[in-house]
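Colleague: Below: one structure in structure tokens.
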Amino acid sequence: MGTTIAITGKGGVGKTAVTALSVLALVEHDWRPLLVVDADPNLNLDAALGMSAQDTVGAVRERASQERGATQSGMTTTELLEYRIRQSLVEGEGFDLIAMGRPEGPGCYCYANEILRNVLGRLSGTYKGIVIDCEAGLEHLSRRTAGDLDLLLAVSDPTVRGLQTARRVLDLVGELNTSVGEAKVVLNRVRGEPAESLMEAAERLDLQIAACLPEDEQLAALDAAGRPLTELPAESPLRQAVANLVTGWLSKNGIPSSE
Ligand SMILES: Nc1ncnc2c1ncn2[C@@H]1O[C@H](COP(=O)(O)OP(=O)(O)O)[C@@H](O)[C@H]1O
Ligand SMILES: [Mg+2]
């Protein structure tokens, strides 16, 4: 199983931006190949990374649950599901992207989910690392389709209210049956130095701040124009701050790159 990093937080705080820039940084530092998982049903990580995911694991699971029992050209249901999930992967430079899609509907797909867990477990073993863009509801974590996490980053805006939300998001993960190595907060869209009152609130809430990421107008402009965030220039302070965050964590934990 590769090292797993998940990025979570409430909607609009910058999860997808932080995930996309983390993927860029990790690949650039030869921490590859990566499995990049879009676990937000809004599915926009592919566009942020300049690619397009056509199929989702959710859609594959749904089709499989409807076909249960049907004989398929000598393949078992597990083989068929694994084949289709592999086919839904989109190849990027140094990483593969998989989109989870909608969480479960009202029907019970426990059987397909169990297969899914096994398939994703096997699949993730072939990668150096896994990076997950995760909605705050953490559906895929609670179903354990995402596996255990080495690092969980809760992205927050630089406000006390934002930190309180991050605390709740992290508490929610604590209630799940998912083991988390380290859980930290990333303050995003910080202008200048973060206020002292904010740092005090973090301490009160027992939150560790892993990084303060600057507000970056170029990023917002790329997003507004529907351009991939990977077009952000290498010298952008935001890009560098994200790179320092993820590569710093890897080296602190003695996790070497591939070369
Ligand atoms: N550091 C930043 N500087 C400027 N704009 C940002 C920054 N981080 C995120 N944004 C903008 O905020 C909006 C929400 O970001 P996004 O990554 O889509 O959030 P989420 O995935 O959490 O919903 C986007 O328009 C994005 O461009
Ligand atoms: Mg998002």
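Simple scheme: letters A, B, ... for chains in structure tokens order, numbers from 1 for residues in each chain, numbers from 1 for ligands in the order shown.
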Using only C-alpha atoms, determine which residues lie at most 6 Å from Leu34 of chain A, disregarding the query and same-chain residues fewer than 4 positions distant; provide the list as a list in words.

Modeller: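 Contacts, with the query itself left out: Phe95, Tyr127, Lys128, Gly129 and Ile130 of chain A.
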
Colleague: Ligand 2: which residues are within 10 Å, counting only C-alpha atoms and all ligand atoms, as a ChimeraX atom specification?

Modeller: /A:7-20,38-45,48,133-135

Colleague: Determine the nearest neighbour of ligand 1 from the options A:Val60, A:Ala25, A:Leu123, A:Leu49, counting only C-alpha atoms and all ligand atoms.

Modeller: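 For ligand 1, the nearest of the candidates is A:Leu49.
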
Colleague: Report, in Å with one decimal, the straight-line distance from atom CA of Arg167 of chain A to atom CA of Asp148 of chain A.

Modeller: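 One can read the atom CA of Arg167 of chain A to atom CA of Asp148 of chain A distance as 19.5 Å.
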
Colleague: Excluding same-chain residues fewer than 2 positions from Thr56 of chain A, what lies within 6 Å of it counting only C-alpha atoms, as a list in words?

Modeller: Gly58, Ala59, Ala99, Met100 and Gly101 of chain A

Colleague: So which bits of segment 130-220 of chain A end up alpha helix (DSSP H) when you DSSP the backbone, as a PyMOL selection string?

Modeller: chain A and resi 139-142+160-175+196-204+217-220

Colleague: Would you kindly return, as a PyMOL selection string, each protein, DNA or RNA residue with an atom no farther than 10 Å from any atom of Ala183 of chain A, considering only C-alpha atoms and excluding same-chain residues fewer than 6 positions away?

Modeller: chain A and resi 5-7+149-154+170+173-174+207-210

Colleague: For the residues in that selection, give me all heavy atoms as a short mmCIF file (atom, residue, chain, number, x, y, z; two decimals), in the first residue's frame.

Modeller:
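Output below, filename selection-v1.cif:
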data_model
loop_
_atom_site.label_atom_id
_atom_site.label_comp_id
_atom_site.auth_asym_id
_atom_site.auth_seq_id
_atom_site.Cartn_x
_atom_site.Cartn_y
_atom_site.Cartn_z
N ILE A 5 -2.33 10.34 1.24
CA ILE A 5 -2.59 11.70 1.72
C ILE A 5 -3.99 12.08 1.28
O ILE A 5 -4.32 11.97 0.09
CB ILE A 5 -1.57 12.69 1.11
CG1 ILE A 5 -0.13 12.28 1.46
CG2 ILE A 5 -1.86 14.12 1.58
CD1 ILE A 5 0.94 13.12 0.80
N ALA A 6 -4.83 12.52 2.22
CA ALA A 6 -6.17 12.97 1.84
C ALA A 6 -6.33 14.44 2.19
O ALA A 6 -5.81 14.91 3.21
CB ALA A 6 -7.23 12.14 2.55
N ILE A 7 -7.02 15.16 1.32
CA ILE A 7 -7.27 16.59 1.52
C ILE A 7 -8.77 16.78 1.67
O ILE A 7 -9.54 16.37 0.81
CB ILE A 7 -6.70 17.40 0.34
CG1 ILE A 7 -5.17 17.36 0.39
CG2 ILE A 7 -7.13 18.87 0.42
CD1 ILE A 7 -4.50 16.71 -0.71
N LEU A 149 -5.27 6.31 6.17
CA LEU A 149 -4.59 7.53 5.72
C LEU A 149 -3.31 7.75 6.52
O LEU A 149 -3.30 7.58 7.73
CB LEU A 149 -5.50 8.74 5.92
CG LEU A 149 -6.90 8.66 5.32
CD1 LEU A 149 -7.71 9.88 5.71
CD2 LEU A 149 -6.82 8.54 3.80
N ASP A 150 -2.27 8.18 5.84
CA ASP A 150 -1.04 8.55 6.55
C ASP A 150 -1.09 10.01 6.95
O ASP A 150 -0.62 10.38 8.01
CB ASP A 150 0.17 8.28 5.64
CG ASP A 150 0.29 6.80 5.34
OD1 ASP A 150 0.62 6.06 6.27
OD2 ASP A 150 0.01 6.39 4.20
N LEU A 151 -1.64 10.84 6.08
CA LEU A 151 -1.74 12.28 6.37
C LEU A 151 -3.11 12.78 5.92
O LEU A 151 -3.53 12.54 4.78
CB LEU A 151 -0.64 13.04 5.62
CG LEU A 151 -0.66 14.56 5.75
CD1 LEU A 151 -0.46 15.01 7.19
CD2 LEU A 151 0.40 15.19 4.85
N LEU A 152 -3.80 13.44 6.84
CA LEU A 152 -5.08 14.06 6.50
C LEU A 152 -4.93 15.57 6.67
O LEU A 152 -4.57 16.04 7.75
CB LEU A 152 -6.18 13.52 7.42
CG LEU A 152 -7.57 14.14 7.24
CD1 LEU A 152 -8.14 13.80 5.87
CD2 LEU A 152 -8.53 13.64 8.32
N LEU A 153 -5.17 16.30 5.60
CA LEU A 153 -5.07 17.76 5.65
C LEU A 153 -6.47 18.35 5.55
O LEU A 153 -7.19 18.09 4.58
CB LEU A 153 -4.22 18.27 4.48
CG LEU A 153 -2.75 17.85 4.49
CD1 LEU A 153 -2.06 18.30 3.20
CD2 LEU A 153 -2.01 18.41 5.71
N ALA A 154 -6.87 19.10 6.57
CA ALA A 154 -8.16 19.79 6.51
C ALA A 154 -7.88 21.23 6.09
O ALA A 154 -7.21 21.97 6.80
CB ALA A 154 -8.84 19.76 7.87
N LEU A 170 -12.37 17.11 11.29
CA LEU A 170 -11.38 16.15 11.79
C LEU A 170 -12.00 15.23 12.85
O LEU A 170 -11.67 14.04 12.91
CB LEU A 170 -10.16 16.87 12.35
CG LEU A 170 -9.31 17.60 11.29
CD1 LEU A 170 -8.14 18.32 11.94
CD2 LEU A 170 -8.79 16.64 10.23
N VAL A 173 -13.80 12.39 11.21
CA VAL A 173 -12.90 11.33 10.77
C VAL A 173 -12.52 10.44 11.94
O VAL A 173 -12.45 9.23 11.82
CB VAL A 173 -11.62 11.89 10.10
CG1 VAL A 173 -10.75 10.76 9.59
CG2 VAL A 173 -11.99 12.83 8.98
N GLY A 174 -12.34 11.08 13.12
CA GLY A 174 -11.99 10.33 14.32
C GLY A 174 -13.04 9.30 14.68
O GLY A 174 -12.74 8.27 15.27
N LEU A 207 -5.56 22.27 17.21
CA LEU A 207 -5.31 22.05 15.78
C LEU A 207 -3.87 22.39 15.46
O LEU A 207 -3.36 23.42 15.89
CB LEU A 207 -6.23 22.93 14.93
CG LEU A 207 -7.72 22.61 14.97
CD1 LEU A 207 -8.52 23.72 14.29
CD2 LEU A 207 -8.00 21.26 14.29
N GLN A 208 -3.22 21.53 14.70
CA GLN A 208 -1.86 21.83 14.25
C GLN A 208 -1.93 22.45 12.87
O GLN A 208 -2.51 21.86 11.95
CB GLN A 208 -1.07 20.54 14.14
CG GLN A 208 -0.65 19.96 15.47
CD GLN A 208 0.23 18.75 15.20
OE1 GLN A 208 1.28 18.85 14.57
NE2 GLN A 208 -0.23 17.61 15.64
N ILE A 209 -1.33 23.60 12.71
CA ILE A 209 -1.32 24.25 11.39
C ILE A 209 -0.10 23.74 10.61
O ILE A 209 1.04 23.98 11.01
CB ILE A 209 -1.24 25.79 11.53
CG1 ILE A 209 -2.31 26.31 12.49
CG2 ILE A 209 -1.32 26.46 10.16
CD1 ILE A 209 -3.73 26.24 11.98
N ALA A 210 -0.38 23.04 9.51
CA ALA A 210 0.72 22.48 8.72
C ALA A 210 1.31 23.52 7.78
O ALA A 210 2.49 23.46 7.46
CB ALA A 210 0.21 21.28 7.91
#

Colleague: Find the residues near Thr247 of chain A: any atom within 10 Å, counting only C-alpha atoms, skip ones fewer than 3 places away on the same chain, and give them as a list in words.

Modeller: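 Result of the neighbour search: Ser22, Ala25, Leu26, His29, Trp31, Val242, Ala243, Asn244, Leu250, Ser251, Lys252, Asn253, Ile255, Pro256 and Ser257 of chain A.
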
Colleague: Closest to ligand 1 among A:Glu93, A:Glu182, A:Glu67, A:Asp46, using only C-alpha atoms and all ligand atoms?

Modeller: A:Asp46

Colleague: Mind the document's chain letters and residue numbers, and return as a CSV table (one decimal) with C-alpha atoms, in the first residue's frame the residues of segment 162-250 of chain A that DSSP labels strand (DSSP E or B).

Modeller:
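Full text of states.csv as output:
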chain,number,residue,atom,x,y,z
A,180,VAL,CA,-5.1,8.4,10.4
A,181,GLY,CA,-1.4,8.8,11.0
A,182,GLU,CA,-1.4,12.6,11.2
A,183,ALA,CA,-4.2,15.2,10.9
A,184,LYS,CA,-3.4,18.8,10.3
A,185,VAL,CA,-4.9,22.0,9.2
A,186,VAL,CA,-3.9,24.0,6.1
A,187,LEU,CA,-4.9,27.7,6.2
A,188,ASN,CA,-5.6,28.8,2.7
A,189,ARG,CA,-6.0,32.2,1.1
A,190,VAL,CA,-4.0,33.9,3.8
A,209,ILE,CA,-1.3,24.3,11.4
A,210,ALA,CA,0.7,22.5,8.7
A,211,ALA,CA,1.0,25.5,6.4
A,212,CYS,CA,-0.3,28.9,5.6
A,213,LEU,CA,-1.0,29.2,1.9
A,214,PRO,CA,-1.2,32.7,0.3

Colleague: Using only C-alpha atoms and all ligand atoms, which of A:Leu222, A:Val90, A:Leu120, A:Leu205 sits nearest ligand 1?

Modeller: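 That would be A:Leu222, the residue with the smallest distance to ligand 1.
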
Colleague: I need the residue nearest ligand 1 from this list: A:Leu89, A:Ala225, A:Val119, A:Leu219. Use only C-alpha atoms and all ligand atoms for the distance.

Modeller: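 Among the listed residues, A:Leu219 lies closest to ligand 1.
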
Colleague: Just give me the gap between atom CA of Pro237 of chain A and atom 6 (C, counted along the ligand's line) of ligand 1 in Å, one decimal is fine.

Modeller: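 Atom 6 (C, counted along the ligand's line) of ligand 1 lies 12.4 Å from atom CA of Pro237 of chain A.
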